[in-house]
$ cat start_28.cif   # mmCIF, C-alpha atoms
data_work
loop_
_atom_site.group_PDB
_atom_site.id
_atom_site.type_symbol
_atom_site.label_atom_id
_atom_site.label_comp_id
_atom_site.auth_asym_id
_atom_site.auth_seq_id
_atom_site.Cartn_x
_atom_site.Cartn_y
_atom_site.Cartn_z
ATOM 1 C CA MET A 1 45.565 52.071 125.729
ATOM 2 C CA ILE A 2 48.707 53.190 127.481
ATOM 3 C CA CYS A 3 50.757 52.090 124.476
ATOM 4 C CA GLY A 4 48.530 54.119 122.151
ATOM 5 C CA SER A 5 48.903 57.191 124.333
ATOM 6 C CA PHE A 6 52.682 56.771 124.359
ATOM 7 C CA PHE A 7 52.949 56.601 120.567
ATOM 8 C CA TYR A 8 50.595 59.547 120.214
ATOM 9 C CA THR A 9 52.735 61.595 122.609
ATOM 10 C CA LEU A 10 55.917 60.526 120.810
ATOM 11 C CA PHE A 11 54.419 61.414 117.423
ATOM 12 C CA PHE A 12 53.373 64.842 118.691
ATOM 13 C CA ALA A 13 56.841 65.466 120.200
ATOM 14 C CA LEU A 14 58.497 64.599 116.894
ATOM 15 C CA ILE A 15 56.283 67.094 115.051
ATOM 16 C CA VAL A 16 57.108 69.842 117.579
ATOM 17 C CA PHE A 17 60.837 69.038 117.454
ATOM 18 C CA SER A 18 60.843 69.048 113.649
ATOM 19 C CA ALA A 19 59.111 72.420 113.586
ATOM 20 C CA GLN A 20 61.619 73.853 116.062
ATOM 21 C CA ALA A 21 64.525 72.445 114.056
ATOM 22 C CA GLN A 22 63.097 74.022 110.901
ATOM 23 C CA ASP A 23 62.769 77.342 112.705
ATOM 24 C CA ILE A 24 66.433 77.102 113.764
ATOM 25 C CA ASP A 25 67.482 76.300 110.196
ATOM 26 C CA ASP A 26 65.469 79.232 108.853
ATOM 27 C CA TYR A 27 67.003 81.499 111.487
ATOM 28 C CA ASP A 28 70.548 80.373 110.575
ATOM 29 C CA VAL A 29 69.873 80.944 106.887
ATOM 30 C CA ALA A 30 68.520 84.426 107.616
ATOM 31 C CA ILE A 31 71.568 85.300 109.725
ATOM 32 C CA GLU A 32 73.909 83.959 107.049
ATOM 33 C CA ARG A 33 72.249 86.095 104.387
ATOM 34 C CA ARG A 34 72.829 89.203 106.465
ATOM 35 C CA ARG A 35 76.527 88.522 106.888
ATOM 36 C CA VAL A 36 78.976 90.497 104.773
ATOM 37 C CA HIS A 37 80.781 88.350 102.201
ATOM 38 C CA THR A 38 82.973 90.902 100.526
ATOM 39 C CA ASP A 39 85.741 89.056 98.700
ATOM 40 C CA PHE A 40 87.341 92.532 98.568
ATOM 41 C CA LYS A 41 89.806 93.267 95.773
ATOM 42 C CA GLU A 42 91.693 96.466 95.032
ATOM 43 C CA SER A 43 90.653 98.290 91.874
ATOM 44 C CA LEU A 44 92.789 100.023 89.279
ATOM 45 C CA PHE A 45 90.976 103.291 89.999
ATOM 46 C CA ALA A 46 89.436 104.364 93.287
ATOM 47 C CA ILE A 47 87.445 107.313 94.546
ATOM 48 C CA ARG A 48 88.231 108.228 98.121
ATOM 49 C CA PHE A 49 86.012 110.550 100.124
ATOM 50 C CA SER A 50 86.151 111.728 103.713
ATOM 51 C CA THR A 51 83.988 113.888 105.906
ATOM 52 C CA THR A 52 85.682 115.227 109.022
ATOM 53 C CA LEU A 53 85.569 117.760 111.818
ATOM 54 C CA PRO A 54 88.627 120.075 111.664
ATOM 55 C CA ALA A 55 90.305 121.296 114.846
ATOM 56 C CA PRO A 56 92.955 124.068 114.780
ATOM 57 C CA VAL A 57 95.904 122.950 116.927
ATOM 58 C CA SER A 58 98.768 125.366 116.208
ATOM 59 C CA ASN A 59 99.125 129.147 116.171
ATOM 60 C CA ALA A 60 97.671 130.250 119.528
ATOM 61 C CA VAL A 61 95.276 132.836 118.064
ATOM 62 C CA PHE A 62 94.012 130.447 115.411
ATOM 63 C CA ARG A 63 93.576 127.640 117.954
ATOM 64 C CA GLN A 64 91.734 129.708 120.573
ATOM 65 C CA LYS A 65 89.642 132.010 118.394
ATOM 66 C CA PHE A 66 88.430 129.606 115.679
ATOM 67 C CA ARG A 67 86.467 126.351 115.777
ATOM 68 C CA GLY A 68 86.054 123.691 113.121
ATOM 69 C CA ILE A 69 82.703 123.255 111.350
ATOM 70 C CA TYR A 70 83.377 120.713 108.577
ATOM 71 C CA GLU A 71 85.769 119.468 105.926
ATOM 72 C CA MET A 72 84.894 117.459 102.800
ATOM 73 C CA ASN A 73 87.679 115.726 100.899
ATOM 74 C CA LEU A 74 87.465 113.967 97.504
ATOM 75 C CA SER A 75 90.243 112.345 95.472
ATOM 76 C CA VAL A 76 90.549 110.166 92.358
ATOM 77 C CA ASN A 77 93.353 107.623 92.621
ATOM 78 C CA MET A 78 95.176 105.065 90.478
ATOM 79 C CA ARG A 79 96.946 101.936 91.689
ATOM 80 C CA ILE A 80 100.573 101.923 90.472
ATOM 81 C CA THR A 81 102.075 98.902 92.300
ATOM 82 C CA ASN A 82 100.965 96.119 94.613
ATOM 83 C CA SER A 83 100.745 98.560 97.531
ATOM 84 C CA PHE A 84 101.163 102.125 96.261
ATOM 85 C CA PHE A 85 98.761 104.502 94.528
ATOM 86 C CA ILE A 86 98.736 108.112 93.352
ATOM 87 C CA GLY A 87 95.881 110.560 93.026
ATOM 88 C CA LEU A 88 94.556 114.064 92.546
ATOM 89 C CA GLY A 89 92.180 115.620 95.027
ATOM 90 C CA PHE A 90 90.254 118.648 96.177
ATOM 91 C CA LYS A 91 88.858 119.532 99.566
ATOM 92 C CA SER A 92 86.793 122.268 101.123
ATOM 93 C CA GLY A 93 86.629 123.193 104.787
ATOM 94 C CA LEU A 94 84.926 125.743 106.995
ATOM 95 C CA LEU A 95 86.018 127.318 110.282
ATOM 96 C CA GLY A 96 84.095 129.827 112.355
ATOM 97 C CA LEU A 97 85.035 132.468 114.898
ATOM 98 C CA ASN A 98 84.553 131.054 118.367
ATOM 99 C CA SER A 99 82.072 133.114 120.452
ATOM 100 C CA VAL A 100 83.516 136.565 119.860
ATOM 101 C CA PRO A 101 80.850 139.306 120.297
ATOM 102 C CA ASP A 102 80.692 142.294 117.971
ATOM 103 C CA PRO A 103 81.434 145.377 120.136
ATOM 104 C CA THR A 104 78.721 147.387 118.382
ATOM 105 C CA THR A 105 75.872 144.876 118.756
ATOM 106 C CA ASN A 106 77.112 142.463 121.476
ATOM 107 C CA ILE A 107 76.030 139.598 119.196
ATOM 108 C CA ASP A 108 78.566 136.940 118.340
ATOM 109 C CA LEU A 109 80.348 137.661 115.081
ATOM 110 C CA ASN A 110 79.595 135.398 112.144
ATOM 111 C CA THR A 111 83.131 135.510 110.765
ATOM 112 C CA LYS A 112 83.955 132.407 108.724
ATOM 113 C CA MET A 113 87.101 131.064 107.085
ATOM 114 C CA GLN A 114 86.390 129.041 103.939
ATOM 115 C CA LEU A 115 89.303 126.828 102.848
ATOM 116 C CA TYR A 116 89.795 125.417 99.334
ATOM 117 C CA THR A 117 92.694 123.059 98.626
ATOM 118 C CA GLY A 118 93.857 121.185 95.548
ATOM 119 C CA TYR A 119 96.529 118.517 95.995
ATOM 120 C CA VAL A 120 98.486 115.533 94.709
ATOM 121 C CA LYS A 121 98.336 112.327 96.773
ATOM 122 C CA LEU A 122 100.822 109.474 97.231
ATOM 123 C CA GLY A 123 99.510 106.558 99.289
ATOM 124 C CA TYR A 124 100.224 103.054 100.534
ATOM 125 C CA ASN A 125 97.761 100.294 101.498
ATOM 126 C CA LYS A 126 98.683 97.786 104.197
ATOM 127 C CA PHE A 127 96.313 94.806 104.529
ATOM 128 C CA HIS A 128 95.721 93.323 107.995
ATOM 129 C CA THR A 129 93.134 90.743 106.884
ATOM 130 C CA GLU A 130 91.456 90.070 103.555
ATOM 131 C CA ASN A 131 88.861 92.775 104.278
ATOM 132 C CA ILE A 132 90.605 95.221 106.635
ATOM 133 C CA PHE A 133 93.463 97.478 105.610
ATOM 134 C CA SER A 134 95.224 100.672 106.621
ATOM 135 C CA THR A 135 96.002 103.491 104.222
ATOM 136 C CA PHE A 136 98.963 105.796 104.793
ATOM 137 C CA ALA A 137 99.175 108.791 102.478
ATOM 138 C CA VAL A 138 100.552 112.286 102.116
ATOM 139 C CA ASN A 139 98.925 115.134 100.213
ATOM 140 C CA VAL A 140 100.921 118.052 98.827
ATOM 141 C CA GLY A 141 99.042 121.008 97.391
ATOM 142 C CA TYR A 142 97.963 124.612 97.658
ATOM 143 C CA ASN A 143 95.320 126.257 99.817
ATOM 144 C CA SER A 144 93.363 129.413 99.056
ATOM 145 C CA SER A 145 91.096 130.672 101.849
ATOM 146 C CA THR A 146 88.698 133.578 102.191
ATOM 147 C CA PHE A 147 87.231 135.264 105.252
ATOM 148 C CA THR A 148 83.600 136.362 105.328
ATOM 149 C CA GLY A 149 81.576 138.271 107.904
ATOM 150 C CA VAL A 150 84.597 140.235 109.139
ATOM 151 C CA ALA A 151 83.605 143.024 111.552
ATOM 152 C CA ASN A 152 84.131 146.616 110.443
ATOM 153 C CA PRO A 153 87.516 147.620 111.860
ATOM 154 C CA LYS A 154 88.718 151.099 112.708
ATOM 155 C CA ASP A 155 90.692 151.144 109.448
ATOM 156 C CA ARG A 156 89.204 148.864 106.788
ATOM 157 C CA SER A 157 91.876 149.784 104.262
ATOM 158 C CA GLY A 158 94.295 147.464 106.055
ATOM 159 C CA LEU A 159 92.125 144.372 105.714
ATOM 160 C CA ILE A 160 93.383 141.288 103.891
ATOM 161 C CA GLU A 161 90.453 138.877 103.719
ATOM 162 C CA THR A 162 92.362 136.083 101.991
ATOM 163 C CA TYR A 163 94.887 133.515 103.162
ATOM 164 C CA THR A 164 97.027 131.316 100.910
ATOM 165 C CA SER A 165 99.601 128.664 101.686
ATOM 166 C CA MET A 166 101.297 125.510 100.536
ATOM 167 C CA VAL A 167 99.776 122.429 102.182
ATOM 168 C CA ILE A 168 101.470 119.251 103.412
ATOM 169 C CA GLU A 169 98.987 116.778 104.851
ATOM 170 C CA PRO A 170 99.867 113.294 106.138
ATOM 171 C CA GLU A 171 96.788 111.115 106.588
ATOM 172 C CA TYR A 172 95.790 107.713 107.911
ATOM 173 C CA SER A 173 92.627 105.661 107.540
ATOM 174 C CA LEU A 174 91.542 102.228 108.787
ATOM 175 C CA ASN A 175 89.238 100.699 106.188
ATOM 176 C CA PHE A 176 86.617 97.943 106.549
ATOM 177 C CA ALA A 177 85.244 96.319 103.386
ATOM 178 C CA ILE A 178 81.480 95.922 103.112
ATOM 179 C CA GLU A 179 81.400 95.119 99.387
ATOM 180 C CA ASP A 180 83.981 93.773 96.950
ATOM 181 C CA ASN A 181 84.838 97.348 95.922
ATOM 182 C CA PHE A 182 83.542 99.530 98.759
ATOM 183 C CA THR A 183 84.851 100.284 102.251
ATOM 184 C CA ILE A 184 84.092 102.589 105.147
ATOM 185 C CA GLY A 185 86.527 103.540 107.842
ATOM 186 C CA ILE A 186 88.050 105.942 110.323
ATOM 187 C CA PHE A 187 90.005 108.882 108.890
ATOM 188 C CA LEU A 188 92.662 111.074 110.540
ATOM 189 C CA SER A 189 94.927 113.740 109.006
ATOM 190 C CA TYR A 190 97.087 116.703 109.953
ATOM 191 C CA ASN A 191 96.894 119.745 107.671
ATOM 192 C CA TYR A 192 100.207 121.629 107.882
ATOM 193 C CA MET A 193 100.345 125.093 106.293
ATOM 194 C CA PRO A 194 103.690 126.890 106.748
ATOM 195 C CA THR A 195 102.192 130.329 106.057
ATOM 196 C CA VAL A 196 101.509 132.034 109.387
ATOM 197 C CA PHE A 197 97.906 133.067 110.089
ATOM 198 C CA ASN A 198 97.976 136.806 110.862
ATOM 199 C CA PRO A 199 94.937 137.918 112.927
ATOM 200 C CA TYR A 200 95.688 141.587 112.199
ATOM 201 C CA ASN A 201 94.828 140.994 108.536
ATOM 202 C CA ILE A 202 91.166 140.669 109.530
ATOM 203 C CA ALA A 203 91.402 143.212 112.393
ATOM 204 C CA LEU A 204 90.748 140.561 115.015
ATOM 205 C CA GLN A 205 92.480 142.779 117.589
ATOM 206 C CA ASP A 206 89.578 145.244 117.304
ATOM 207 C CA VAL A 207 86.987 142.738 118.538
ATOM 208 C CA THR A 208 88.857 140.454 120.954
ATOM 209 C CA SER A 209 91.980 140.526 123.092
ATOM 210 C CA LEU A 210 95.110 138.945 121.651
ATOM 211 C CA THR A 211 97.233 139.640 124.721
ATOM 212 C CA GLY A 212 99.668 136.841 125.486
ATOM 213 C CA LEU A 213 98.843 134.892 122.326
ATOM 214 C CA LYS A 214 101.738 134.076 119.997
ATOM 215 C CA THR A 215 100.930 135.069 116.432
ATOM 216 C CA THR A 216 104.031 133.829 114.597
ATOM 217 C CA SER A 217 103.444 130.052 114.610
ATOM 218 C CA VAL A 218 102.642 128.034 111.494
ATOM 219 C CA THR A 219 99.054 126.959 110.867
ATOM 220 C CA GLY A 220 98.017 123.409 111.686
ATOM 221 C CA ILE A 221 94.627 121.652 111.637
ATOM 222 C CA ILE A 222 93.770 118.099 112.704
ATOM 223 C CA ASN A 223 90.887 116.427 110.847
ATOM 224 C CA PHE A 224 89.084 113.423 112.310
ATOM 225 C CA GLY A 225 86.053 111.635 110.894
ATOM 226 C CA PHE A 226 85.008 108.982 108.405
ATOM 227 C CA GLY A 227 86.491 107.874 105.104
ATOM 228 C CA PHE A 228 85.102 105.911 102.147
ATOM 229 C CA TYR A 229 86.689 103.965 99.271
ATOM 230 C CA TYR A 230 84.927 103.045 96.031
ATOM 231 C CA GLY A 231 86.815 100.971 93.460
ATOM 232 C CA ILE A 232 86.323 101.307 89.696
ATOM 233 C CA GLY A 233 87.703 99.309 86.786
ATOM 234 C CA LYS A 234 90.009 96.306 86.759
ATOM 235 C CA LYS A 235 90.143 94.252 89.942
ATOM 236 C CA PHE A 236 93.396 92.751 91.218
ATOM 237 C CA PRO A 237 93.641 89.314 92.908
ATOM 238 C CA ARG A 238 93.255 89.417 96.643
ATOM 239 C CA ARG A 239 96.444 88.919 98.596
ATOM 240 C CA ASP A 240 96.985 85.539 100.286
ATOM 241 C CA LYS A 241 99.460 86.889 102.838
ATOM 242 C CA TYR A 242 99.065 89.890 105.079
#

$ encode --input "start_28.cif" --output "structure tokens"
Amino acid sequence: MICGSFFYTLFFALIVFSAQAQDIDDYDVAIERRRVHTDFKESLFAIRFSTTLPAPVSNAVFRQKFRGIYEMNLSVNMRITNSFFIGLGFKSGLLGLNSVPDPTTNIDLNTKMQLYTGYVKLGYNKFHTENIFSTFAVNVGYNSSTFTGVANPKDRSGLIETYTSMVIEPEYSLNFAIEDNFTIGIFLSYNYMPTVFNPYNIALQDVTSLTGLKTTSVTGIINFGFGFYYGIGKKFPRRDKY
């Protein structure tokens, strides 16, 4: 009787253990399926896109009186060597006047600066692992900006509601592959425009004090956000050394 009870208990324990083992196997399979197996390879053509928050950092008036709202950046690129690529791109950004009340209504002005830039890109990819790489690039192009919502100045005939400048923009991104031709990453750039932003062109002196603020510095904007890479066309063998 005791022997029968022992074998019954052993048989039941084996069933429970087998079920638990199966559950563990199923769990491992489920986890494995959710893992990213990218086998990332560079493509002959690539679309790069970034969405960032711009922050004015040079020209005291520009830095203190304007805030960044957004920047969207799109480029089409072609691989030319094992590490280098070239591309053409366009980006659009928006800055807004930073809490400056209209003297006539005491409501904050809705003055905006809309930036449009076309550029040529030269870039370099540096792989750290098979699925993580840095991109160093420089964009050279031309910016054309317009101001909207400018307050009525004492003399509107002196207004210049446009701003144009050459653009030199070094950029860096750290990219993480999630598919064999798609990555997401962190994006950082510095938008250097040698044309000085002149606040008197939009009569900013009529609505806010510019005392003590230098107005002769070049224009500079830092952009920080997220970048994306999408490869198209021929794939190149993945590097074995990093």

$ closest_atom_pairs --input "start_28.cif" --of "region 25-125 of chain A" --to "region 182-198 of chain A" --cutoff "9 Å" --atoms "all atoms listed in the file" --output "JSON lines"
{"residue": "A:Thr38", "atom": "CA", "partner": "A:Phe182", "partner_atom": "CA", "distance": 8.8}
{"residue": "A:Phe40", "atom": "CA", "partner": "A:Phe182", "partner_atom": "CA", "distance": 8.0}
{"residue": "A:Ser50", "atom": "CA", "partner": "A:Phe187", "partner_atom": "CA", "distance": 7.1}
{"residue": "A:Thr51", "atom": "CA", "partner": "A:Phe187", "partner_atom": "CA", "distance": 8.4}
{"residue": "A:Thr52", "atom": "CA", "partner": "A:Phe187", "partner_atom": "CA", "distance": 7.7}
{"residue": "A:Asn59", "atom": "CA", "partner": "A:Phe197", "partner_atom": "CA", "distance": 7.3}
{"residue": "A:Val61", "atom": "CA", "partner": "A:Phe197", "partner_atom": "CA", "distance": 8.4}
{"residue": "A:Phe62", "atom": "CA", "partner": "A:Phe197", "partner_atom": "CA", "distance": 7.1}

$ write_last_selection --input "start_28.cif" --atoms "C-alpha atoms" --output "PDB file, in the frame of the given file"
ATOM      1  CA  THR A  38      82.973  90.902 100.526  1.00  0.00           C
ATOM      2  CA  PHE A  40      87.341  92.532  98.568  1.00  0.00           C
ATOM      3  CA  SER A  50      86.151 111.728 103.713  1.00  0.00           C
ATOM      4  CA  THR A  51      83.988 113.888 105.906  1.00  0.00           C
ATOM      5  CA  THR A  52      85.682 115.227 109.022  1.00  0.00           C
ATOM      6  CA  ASN A  59      99.125 129.147 116.171  1.00  0.00           C
ATOM      7  CA  VAL A  61      95.276 132.836 118.064  1.00  0.00           C
ATOM      8  CA  PHE A  62      94.012 130.447 115.411  1.00  0.00           C
TER       9      PHE A  62
END

$ atom_distance --input "start_28.cif" --atom1 "CA of Lys126 (chain A)" --atom2 "CA of Ile222 (chain A)"
22.6 Å

$ closest_residue --input "start_28.cif" --among "A:Ile80, A:Val207, A:Ala177, A:Ala46" --to "Glu130 (chain A)" --atoms "all atoms listed in the file"
A:Ala177

$ resolve_selection --input "start_28.cif" --expression "the PyMOL selection byres ((chain A and resi 99) around 9)" --output "ChimeraX atom specification"
/A:65-66,96-98,100-101,107-110

$ residues_around --input "start_28.cif" --residues "Ser134 (chain A)" --least-positions-apart "2" --cutoff "8 Å" --atoms "all atoms listed in the file" --output "PDB file with C-alpha atoms, in the coordinates of the input"
ATOM      1  CA  ASN A 125      97.761 100.294 101.498  1.00  0.00           C
ATOM      2  CA  LYS A 126      98.683  97.786 104.197  1.00  0.00           C
ATOM      3  CA  PHE A 127      96.313  94.806 104.529  1.00  0.00           C
ATOM      4  CA  HIS A 128      95.721  93.323 107.995  1.00  0.00           C
ATOM      5  CA  ILE A 132      90.605  95.221 106.635  1.00  0.00           C
ATOM      6  CA  PHE A 136      98.963 105.796 104.793  1.00  0.00           C
ATOM      7  CA  TYR A 172      95.790 107.713 107.911  1.00  0.00           C
ATOM      8  CA  SER A 173      92.627 105.661 107.540  1.00  0.00           C
ATOM      9  CA  LEU A 174      91.542 102.228 108.787  1.00  0.00           C
ATOM     10  CA  ASN A 175      89.238 100.699 106.188  1.00  0.00           C
TER      11      ASN A 175
END

$ resolve_selection --input "start_28.cif" --expression "the PyMOL selection byres ((chain A and resi 166) around 6)" --output "CSV table (one decimal) with C-alpha atoms, in the frame of the given file"
chain,number,residue,atom,x,y,z
A,141,GLY,CA,99.0,121.0,97.4
A,142,TYR,CA,98.0,124.6,97.7
A,165,SER,CA,99.6,128.7,101.7
A,167,VAL,CA,99.8,122.4,102.2
A,193,MET,CA,100.3,125.1,106.3

$ atom_distance --input "start_28.cif" --atom1 "CA of Phe228 (chain A)" --atom2 "CA of Arg63 (chain A)"
28.2 Å

$ closest_residue --input "start_28.cif" --among "A:Thr135, A:Thr148, A:Ser92, A:Ser75" --to "Lys121 (chain A)" --atoms "all atoms listed in the file"
A:Ser75

$ decode --input "start_28.cif" --residues "region 216-232 of chain A" --atoms "N, CA, C and O atoms" --output "mmCIF file, in the first residue's frame"
data_model
loop_
_atom_site.group_PDB
_atom_site.id
_atom_site.type_symbol
_atom_site.label_atom_id
_atom_site.label_comp_id
_atom_site.auth_asym_id
_atom_site.auth_seq_id
_atom_site.Cartn_x
_atom_site.Cartn_y
_atom_site.Cartn_z
ATOM 1 N N THR A 216 25.111 91.847 -32.655
ATOM 2 C CA THR A 216 25.992 91.692 -33.817
ATOM 3 C C THR A 216 26.589 90.293 -33.927
ATOM 4 O O THR A 216 27.461 90.058 -34.762
ATOM 5 N N SER A 217 26.139 89.350 -33.126
ATOM 6 C CA SER A 217 26.689 87.990 -33.166
ATOM 7 C C SER A 217 26.025 87.184 -34.274
ATOM 8 O O SER A 217 24.885 87.457 -34.675
ATOM 9 N N VAL A 218 26.728 86.162 -34.749
ATOM 10 C CA VAL A 218 26.147 85.259 -35.749
ATOM 11 C C VAL A 218 24.999 84.483 -35.116
ATOM 12 O O VAL A 218 24.823 84.468 -33.894
ATOM 13 N N THR A 219 24.230 83.809 -35.949
ATOM 14 C CA THR A 219 23.062 83.060 -35.487
ATOM 15 C C THR A 219 23.406 81.583 -35.364
ATOM 16 O O THR A 219 23.928 80.979 -36.303
ATOM 17 N N GLY A 220 23.106 81.009 -34.217
ATOM 18 C CA GLY A 220 23.383 79.593 -33.996
ATOM 19 C C GLY A 220 22.242 78.908 -33.272
ATOM 20 O O GLY A 220 21.660 79.468 -32.334
ATOM 21 N N ILE A 221 21.897 77.698 -33.714
ATOM 22 C CA ILE A 221 20.792 76.929 -33.119
ATOM 23 C C ILE A 221 21.248 75.495 -32.911
ATOM 24 O O ILE A 221 21.772 74.859 -33.836
ATOM 25 N N ILE A 222 21.058 74.973 -31.702
ATOM 26 C CA ILE A 222 21.319 73.561 -31.423
ATOM 27 C C ILE A 222 20.013 72.787 -31.571
ATOM 28 O O ILE A 222 18.963 73.229 -31.088
ATOM 29 N N ASN A 223 20.075 71.643 -32.247
ATOM 30 C CA ASN A 223 18.907 70.776 -32.413
ATOM 31 C C ASN A 223 19.180 69.431 -31.749
ATOM 32 O O ASN A 223 20.206 68.798 -32.025
ATOM 33 N N PHE A 224 18.272 69.000 -30.900
ATOM 34 C CA PHE A 224 18.429 67.715 -30.217
ATOM 35 C C PHE A 224 17.115 66.943 -30.279
ATOM 36 O O PHE A 224 16.047 67.503 -30.027
ATOM 37 N N GLY A 225 17.199 65.666 -30.651
ATOM 38 C CA GLY A 225 15.982 64.863 -30.734
ATOM 39 C C GLY A 225 16.273 63.456 -31.209
ATOM 40 O O GLY A 225 17.260 62.837 -30.790
ATOM 41 N N PHE A 226 15.433 62.974 -32.113
ATOM 42 C CA PHE A 226 15.513 61.588 -32.573
ATOM 43 C C PHE A 226 15.725 61.534 -34.081
ATOM 44 O O PHE A 226 15.198 62.361 -34.827
ATOM 45 N N GLY A 227 16.514 60.530 -34.505
ATOM 46 C CA GLY A 227 16.776 60.354 -35.921
ATOM 47 C C GLY A 227 16.412 58.953 -36.378
ATOM 48 O O GLY A 227 16.405 58.005 -35.580
ATOM 49 N N PHE A 228 16.107 58.809 -37.672
ATOM 50 C CA PHE A 228 15.691 57.529 -38.238
ATOM 51 C C PHE A 228 16.430 57.295 -39.563
ATOM 52 O O PHE A 228 16.686 58.238 -40.313
ATOM 53 N N TYR A 229 16.721 56.036 -39.836
ATOM 54 C CA TYR A 229 17.389 55.626 -41.080
ATOM 55 C C TYR A 229 16.567 54.518 -41.709
ATOM 56 O O TYR A 229 16.193 53.551 -41.031
ATOM 57 N N TYR A 230 16.292 54.650 -43.009
ATOM 58 C CA TYR A 230 15.571 53.609 -43.740
ATOM 59 C C TYR A 230 16.313 53.327 -45.038
ATOM 60 O O TYR A 230 16.435 54.202 -45.903
ATOM 61 N N GLY A 231 16.846 52.104 -45.173
ATOM 62 C CA GLY A 231 17.637 51.736 -46.328
ATOM 63 C C GLY A 231 16.791 51.228 -47.482
ATOM 64 O O GLY A 231 15.781 50.550 -47.282
ATOM 65 N N ILE A 232 17.217 51.565 -48.703
ATOM 66 C CA ILE A 232 16.514 51.171 -49.927
ATOM 67 C C ILE A 232 17.539 50.662 -50.937
ATOM 68 O O ILE A 232 18.621 51.225 -51.080
#
